[in-house]
Amino acid sequence: MQLAKKIQPGGGSAIREIAKKTVLNPNIISLAGGLPSPDSFPVEEMRACFDAVLSKQGRVALQYGATDGYLPLRELIASQWRGRGVAIQAENVLITCGSQQGLDLVGRVLVDEGATVFTESPTYLGATQALRAYGPAFVGIGSDQKGLVVDALAERSSACGGGRAGLVYVVPNFPNPSGRTLDAARREALDHVAQSRGLVIVEDDPYAELSFDGSSLPSLLSLSPGNVIHLGSFSKILSPGIRLGFVIAPVHVIRAMEQVKQGIDLHTSGLTQMAMATLLESGFMDGHLQRIRELYARKSQVMCGAVRTHMPPSVRFEEPKGGMFMWLTLPEHIDTTELLPKALAAGVAFVPGAPFYVEHPERNTMRLSFATASDSNIKTGIERIGSLIRGCT
Ligand code: PMP
């Protein structure tokens, strides 16, 4: 059967392809997937919330619901953000099936064919995958230890001047894959550059609450609510399986997204949204977040220790301060895409860095996740990668 022209052969995510090879093979230690730790899932609390919703409001929960989401949940999210000084209402919030759907909605509502989309380099692969369907021209902007290099954005965006207005897509906190948090001064500068160039900022922020020491920087949304589309997610702080995320945006954007979401899936599961609202109201999240932060901080330390012990000093990395990922830069002559089959044969999986770049990939990079593997598997996995790297030098 002939597929539509827009379907690109082999266009799937490189990470999902690795996952297919590793998930069913117990001999491979996977440091590849971006899966949250199952130890962090609050199974009993979730069960209690679903039970409570079904007992008290079962007939509402099982009915079709509003496309923009369950109003009490939208209100809870809006009030949480008002508490952080961002003057939004429920009408600025749309509930989505994970923030991945938010990315697709951004593409549908804000990206014209040929529009420029600036991304960090490297950036979240799922974002480029989602937005690519709408035909933008991607421009990769380098990042360093302070996150996106905003001066480079200013330069490249003025060089693109006269083209179609575009977007700048950023994951400001502990990003997937690089872990390079955008520092406070650069947030201000990004806001300024975006406004002066007519660029909308898409702030994709699923990791903000996974700061190991609990600290946070001002969100881009708080700097410029009129020019930012903020994507939030419950995947990394609660469960990815419940598929719950949200978009915060100006009302006319939310209305347009609501209209297109209607054509995609009518609405996000009402039962799940109601259970989520019950959980948020119960006050459970504060203690829960603290436990996840401690868990990931510890696992990150295990991985850092293993990298220091088992990898040659020519391997560069930053100690993560939050999130789930560690980004390694190997000596330049090592191409991690070529290293991967050897790693799989040695019983360990990582994600090569190249697919995370929209242009000029740094082929000597790799992403490792410390969230899912056990401590002993982290150590063994790193030891295996370390000996492969030593074999290349
Ligand atoms: N954005 C980023 C930066 C991510 O890392 C992920 C998950 N890997 C997503 C969005 C999608 O998350 P979800 O759809 O589960 O909310």
# chains A, B, ... in the order shown; residues from 1 in each chain; ligands from 1
>>> residues_near_ligand(ligand="ligand 1", cutoff="7 Å", atoms="only C-alpha atoms and all ligand atoms", output="count of residues only")
22
>>> residues_around(residues="region 333-338 of chain A", least_positions_apart="6", cutoff="7 Å", atoms="only C-alpha atoms", output="PyMOL selection string")
chain A and resi 352+363-366
>>> closest_atom_pairs(of="region 246-296 of chain A", to="region 77-96 of chain A", cutoff="10 Å", atoms="only C-alpha atoms", output="CSV")
residue,atom,partner,partner_atom,distance
A:Phe246,CA,A:Ile95,CA,4.3
A:Val247,CA,A:Leu94,CA,5.2
A:Ile248,CA,A:Val93,CA,4.7
A:Ala249,CA,A:Asn92,CA,5.4
A:Pro250,CA,A:Asn92,CA,5.8
A:Val251,CA,A:Asn92,CA,5.2
A:His252,CA,A:Asn92,CA,8.8
A:Val253,CA,A:Asn92,CA,8.5
A:Ile254,CA,A:Leu94,CA,6.3
A:Arg255,CA,A:Glu91,CA,8.7
A:Met257,CA,A:Leu94,CA,8.0
A:Glu258,CA,A:Leu94,CA,7.3
A:Lys261,CA,A:Thr96,CA,8.5
A:Asp265,CA,A:Thr96,CA,9.8
A:His267,CA,A:Thr96,CA,7.8
A:Thr268,CA,A:Thr96,CA,6.0
A:Ser269,CA,A:Thr96,CA,9.2
A:Gln273,CA,A:Ile95,CA,8.4
A:Ala277,CA,A:Ile77,CA,9.2
A:Leu280,CA,A:Ile77,CA,9.2
>>> closest_residue(among="A:Met311, A:Val53, A:Ala345, A:Leu31", to="Pro331 (chain A)", atoms="only C-alpha atoms")
A:Met311
>>> atom_distance(atom1="CA of Ala189 (chain A)", atom2="CA of Val168 (chain A)")
13.0 Å
>>> select_by_dssp(residues="region 127-237 of chain A", states="helix (DSSP H, G or I)", output="ChimeraX atom specification")
/A:127-132,150-159,184-197,208-210,220-223,225-227
>>> atom_distance(atom1="CA of Ala137 (chain A)", atom2="CA of Thr116 (chain A)")
4.8 Å
>>> select_by_dssp(residues="region 30-234 of chain A", states="strand (DSSP E)", output="PDB file with N, CA, C and O atoms, in the first residue's frame")
ATOM      1  N   SER A  30      20.578  -1.041  29.518  1.00  0.00           N
ATOM      2  CA  SER A  30      20.248   0.160  28.758  1.00  0.00           C
ATOM      3  C   SER A  30      20.450   1.425  29.584  1.00  0.00           C
ATOM      4  O   SER A  30      19.791   1.627  30.601  1.00  0.00           O
ATOM      5  N   VAL A  93      -4.845  27.697  29.803  1.00  0.00           N
ATOM      6  CA  VAL A  93      -4.294  26.345  29.969  1.00  0.00           C
ATOM      7  C   VAL A  93      -5.092  25.345  29.134  1.00  0.00           C
ATOM      8  O   VAL A  93      -6.329  25.337  29.178  1.00  0.00           O
ATOM      9  N   LEU A  94      -4.376  24.524  28.390  1.00  0.00           N
ATOM     10  CA  LEU A  94      -4.998  23.435  27.624  1.00  0.00           C
ATOM     11  C   LEU A  94      -4.339  22.135  28.076  1.00  0.00           C
ATOM     12  O   LEU A  94      -3.112  22.045  28.123  1.00  0.00           O
ATOM     13  N   ILE A  95      -5.159  21.146  28.397  1.00  0.00           N
ATOM     14  CA  ILE A  95      -4.603  19.844  28.819  1.00  0.00           C
ATOM     15  C   ILE A  95      -4.342  18.992  27.577  1.00  0.00           C
ATOM     16  O   ILE A  95      -5.187  18.911  26.675  1.00  0.00           O
ATOM     17  N   THR A  96      -3.164  18.357  27.561  1.00  0.00           N
ATOM     18  CA  THR A  96      -2.767  17.564  26.390  1.00  0.00           C
ATOM     19  C   THR A  96      -2.418  16.122  26.796  1.00  0.00           C
ATOM     20  O   THR A  96      -2.239  15.830  27.987  1.00  0.00           O
ATOM     21  N   THR A 116      11.099  29.683  10.109  1.00  0.00           N
ATOM     22  CA  THR A 116      12.354  29.267  10.748  1.00  0.00           C
ATOM     23  C   THR A 116      12.092  28.811  12.177  1.00  0.00           C
ATOM     24  O   THR A 116      11.421  29.500  12.943  1.00  0.00           O
ATOM     25  N   VAL A 117      12.600  27.632  12.503  1.00  0.00           N
ATOM     26  CA  VAL A 117      12.553  27.160  13.887  1.00  0.00           C
ATOM     27  C   VAL A 117      13.987  27.047  14.381  1.00  0.00           C
ATOM     28  O   VAL A 117      14.774  26.260  13.863  1.00  0.00           O
ATOM     29  N   PHE A 118      14.310  27.881  15.362  1.00  0.00           N
ATOM     30  CA  PHE A 118      15.641  27.834  15.979  1.00  0.00           C
ATOM     31  C   PHE A 118      15.584  26.837  17.137  1.00  0.00           C
ATOM     32  O   PHE A 118      14.631  26.865  17.936  1.00  0.00           O
ATOM     33  N   THR A 119      16.575  25.963  17.209  1.00  0.00           N
ATOM     34  CA  THR A 119      16.629  25.030  18.339  1.00  0.00           C
ATOM     35  C   THR A 119      18.024  25.115  18.944  1.00  0.00           C
ATOM     36  O   THR A 119      18.973  25.549  18.287  1.00  0.00           O
ATOM     37  N   GLU A 120      18.105  24.622  20.207  1.00  0.00           N
ATOM     38  CA  GLU A 120      19.442  24.431  20.762  1.00  0.00           C
ATOM     39  C   GLU A 120      20.103  23.314  19.971  1.00  0.00           C
ATOM     40  O   GLU A 120      19.426  22.475  19.374  1.00  0.00           O
ATOM     41  N   SER A 121      21.388  23.280  20.025  1.00  0.00           N
ATOM     42  CA  SER A 121      22.127  22.245  19.329  1.00  0.00           C
ATOM     43  C   SER A 121      23.112  21.663  20.334  1.00  0.00           C
ATOM     44  O   SER A 121      24.049  22.346  20.720  1.00  0.00           O
ATOM     45  N   ALA A 137      12.117  25.435   8.408  1.00  0.00           N
ATOM     46  CA  ALA A 137      13.564  25.366   8.181  1.00  0.00           C
ATOM     47  C   ALA A 137      14.198  25.423   9.568  1.00  0.00           C
ATOM     48  O   ALA A 137      14.027  26.410  10.291  1.00  0.00           O
ATOM     49  N   PHE A 138      14.883  24.356   9.956  1.00  0.00           N
ATOM     50  CA  PHE A 138      15.511  24.339  11.283  1.00  0.00           C
ATOM     51  C   PHE A 138      16.877  25.017  11.244  1.00  0.00           C
ATOM     52  O   PHE A 138      17.644  24.839  10.293  1.00  0.00           O
ATOM     53  N   VAL A 139      17.149  25.778  12.286  1.00  0.00           N
ATOM     54  CA  VAL A 139      18.485  26.364  12.441  1.00  0.00           C
ATOM     55  C   VAL A 139      18.974  25.995  13.846  1.00  0.00           C
ATOM     56  O   VAL A 139      18.283  26.278  14.840  1.00  0.00           O
ATOM     57  N   GLY A 140      20.116  25.324  13.921  1.00  0.00           N
ATOM     58  CA  GLY A 140      20.650  24.912  15.222  1.00  0.00           C
ATOM     59  C   GLY A 140      21.550  25.997  15.798  1.00  0.00           C
ATOM     60  O   GLY A 140      22.415  26.533  15.108  1.00  0.00           O
ATOM     61  N   ILE A 141      21.310  26.308  17.066  1.00  0.00           N
ATOM     62  CA  ILE A 141      22.121  27.326  17.762  1.00  0.00           C
ATOM     63  C   ILE A 141      22.907  26.602  18.852  1.00  0.00           C
ATOM     64  O   ILE A 141      22.313  25.869  19.646  1.00  0.00           O
ATOM     65  N   GLY A 142      24.178  26.829  18.888  1.00  0.00           N
ATOM     66  CA  GLY A 142      25.035  26.114  19.840  1.00  0.00           C
ATOM     67  C   GLY A 142      24.658  26.385  21.293  1.00  0.00           C
ATOM     68  O   GLY A 142      23.972  27.357  21.620  1.00  0.00           O
ATOM     69  N   SER A 143      25.090  25.469  22.161  1.00  0.00           N
ATOM     70  CA  SER A 143      24.879  25.700  23.592  1.00  0.00           C
ATOM     71  C   SER A 143      26.193  25.449  24.316  1.00  0.00           C
ATOM     72  O   SER A 143      27.072  24.755  23.801  1.00  0.00           O
ATOM     73  N   ASP A 144      26.316  26.052  25.489  1.00  0.00           N
ATOM     74  CA  ASP A 144      27.488  25.792  26.325  1.00  0.00           C
ATOM     75  C   ASP A 144      27.005  25.561  27.749  1.00  0.00           C
ATOM     76  O   ASP A 144      25.809  25.306  27.956  1.00  0.00           O
ATOM     77  N   GLY A 147      23.810  27.078  28.729  1.00  0.00           N
ATOM     78  CA  GLY A 147      22.644  26.826  27.874  1.00  0.00           C
ATOM     79  C   GLY A 147      22.801  27.448  26.503  1.00  0.00           C
ATOM     80  O   GLY A 147      23.927  27.736  26.045  1.00  0.00           O
ATOM     81  N   LEU A 148      21.668  27.680  25.848  1.00  0.00           N
ATOM     82  CA  LEU A 148      21.661  28.235  24.493  1.00  0.00           C
ATOM     83  C   LEU A 148      22.521  29.502  24.421  1.00  0.00           C
ATOM     84  O   LEU A 148      22.404  30.387  25.280  1.00  0.00           O
ATOM     85  N   LEU A 167      10.003  30.524  15.349  1.00  0.00           N
ATOM     86  CA  LEU A 167       9.983  30.109  16.748  1.00  0.00           C
ATOM     87  C   LEU A 167      11.405  29.883  17.220  1.00  0.00           C
ATOM     88  O   LEU A 167      12.270  29.540  16.420  1.00  0.00           O
ATOM     89  N   VAL A 168      11.562  29.999  18.519  1.00  0.00           N
ATOM     90  CA  VAL A 168      12.784  29.456  19.112  1.00  0.00           C
ATOM     91  C   VAL A 168      12.334  28.442  20.159  1.00  0.00           C
ATOM     92  O   VAL A 168      11.532  28.746  21.036  1.00  0.00           O
ATOM     93  N   TYR A 169      12.811  27.214  19.981  1.00  0.00           N
ATOM     94  CA  TYR A 169      12.414  26.104  20.853  1.00  0.00           C
ATOM     95  C   TYR A 169      13.527  25.841  21.863  1.00  0.00           C
ATOM     96  O   TYR A 169      14.666  25.579  21.463  1.00  0.00           O
ATOM     97  N   VAL A 170      13.198  25.922  23.147  1.00  0.00           N
ATOM     98  CA  VAL A 170      14.214  25.655  24.180  1.00  0.00           C
ATOM     99  C   VAL A 170      13.662  24.771  25.292  1.00  0.00           C
ATOM    100  O   VAL A 170      12.488  24.850  25.652  1.00  0.00           O
ATOM    101  N   VAL A 200       8.539  33.721  18.485  1.00  0.00           N
ATOM    102  CA  VAL A 200       7.802  33.174  19.636  1.00  0.00           C
ATOM    103  C   VAL A 200       8.725  32.182  20.338  1.00  0.00           C
ATOM    104  O   VAL A 200       9.411  31.398  19.683  1.00  0.00           O
ATOM    105  N   ILE A 201       8.735  32.215  21.670  1.00  0.00           N
ATOM    106  CA  ILE A 201       9.533  31.235  22.424  1.00  0.00           C
ATOM    107  C   ILE A 201       8.651  30.042  22.782  1.00  0.00           C
ATOM    108  O   ILE A 201       7.560  30.213  23.334  1.00  0.00           O
ATOM    109  N   VAL A 202       9.131  28.844  22.458  1.00  0.00           N
ATOM    110  CA  VAL A 202       8.459  27.625  22.936  1.00  0.00           C
ATOM    111  C   VAL A 202       9.328  27.075  24.058  1.00  0.00           C
ATOM    112  O   VAL A 202      10.467  26.653  23.837  1.00  0.00           O
ATOM    113  N   GLU A 203       8.783  27.143  25.266  1.00  0.00           N
ATOM    114  CA  GLU A 203       9.517  26.709  26.463  1.00  0.00           C
ATOM    115  C   GLU A 203       9.010  25.318  26.845  1.00  0.00           C
ATOM    116  O   GLU A 203       7.905  25.179  27.374  1.00  0.00           O
ATOM    117  N   ASP A 204       9.794  24.312  26.562  1.00  0.00           N
ATOM    118  CA  ASP A 204       9.403  22.924  26.844  1.00  0.00           C
ATOM    119  C   ASP A 204      10.081  22.550  28.159  1.00  0.00           C
ATOM    120  O   ASP A 204      11.312  22.461  28.218  1.00  0.00           O
ATOM    121  N   VAL A 228       5.319  33.629  24.995  1.00  0.00           N
ATOM    122  CA  VAL A 228       5.864  32.294  25.282  1.00  0.00           C
ATOM    123  C   VAL A 228       4.750  31.252  25.238  1.00  0.00           C
ATOM    124  O   VAL A 228       3.660  31.463  25.767  1.00  0.00           O
ATOM    125  N   ILE A 229       5.050  30.128  24.593  1.00  0.00           N
ATOM    126  CA  ILE A 229       4.193  28.949  24.701  1.00  0.00           C
ATOM    127  C   ILE A 229       4.929  28.031  25.662  1.00  0.00           C
ATOM    128  O   ILE A 229       6.058  27.602  25.370  1.00  0.00           O
ATOM    129  N   HIS A 230       4.329  27.756  26.809  1.00  0.00           N
ATOM    130  CA  HIS A 230       4.976  26.913  27.812  1.00  0.00           C
ATOM    131  C   HIS A 230       4.367  25.516  27.756  1.00  0.00           C
ATOM    132  O   HIS A 230       3.138  25.371  27.801  1.00  0.00           O
ATOM    133  N   LEU A 231       5.229  24.498  27.649  1.00  0.00           N
ATOM    134  CA  LEU A 231       4.743  23.122  27.643  1.00  0.00           C
ATOM    135  C   LEU A 231       5.130  22.458  28.959  1.00  0.00           C
ATOM    136  O   LEU A 231       6.312  22.456  29.329  1.00  0.00           O
ATOM    137  N   GLY A 232       4.133  21.908  29.637  1.00  0.00           N
ATOM    138  CA  GLY A 232       4.386  21.222  30.909  1.00  0.00           C
ATOM    139  C   GLY A 232       4.007  19.759  30.782  1.00  0.00           C
ATOM    140  O   GLY A 232       3.280  19.368  29.866  1.00  0.00           O
ATOM    141  N   SER A 233       4.507  18.951  31.732  1.00  0.00           N
ATOM    142  CA  SER A 233       4.258  17.512  31.652  1.00  0.00           C
ATOM    143  C   SER A 233       4.262  16.885  33.038  1.00  0.00           C
ATOM    144  O   SER A 233       5.040  17.291  33.897  1.00  0.00           O
TER     145      SER A 233
END
>>> atom_distance(atom1="CA of Leu103 (chain A)", atom2="CA of Thr128 (chain A)")
9.1 Å
>>> residues_around(residues="Arg197 (chain A)", least_positions_apart="4", cutoff="8 Å", atoms="only C-alpha atoms", output="count of residues only")
3
>>> closest_residue(among="A:Thr380, A:Asn173, A:Ser282, A:Asn25", to="Gln145 (chain A)", atoms="only C-alpha atoms")
A:Asn173
>>> closest_residue(among="A:Ser239, A:Arg384, A:Gln259, A:Phe356", to="Val43 (chain A)", atoms="only C-alpha atoms")
A:Ser239
>>> closest_residue(among="A:Ala194, A:Met276, A:Cys304, A:Ala66", to="Lys321 (chain A)", atoms="only C-alpha atoms")
A:Cys304
>>> closest_residue(among="A:Met303, A:Ile292, A:Leu223, A:Phe174", to="Ser374 (chain A)", atoms="only C-alpha atoms")
A:Met303
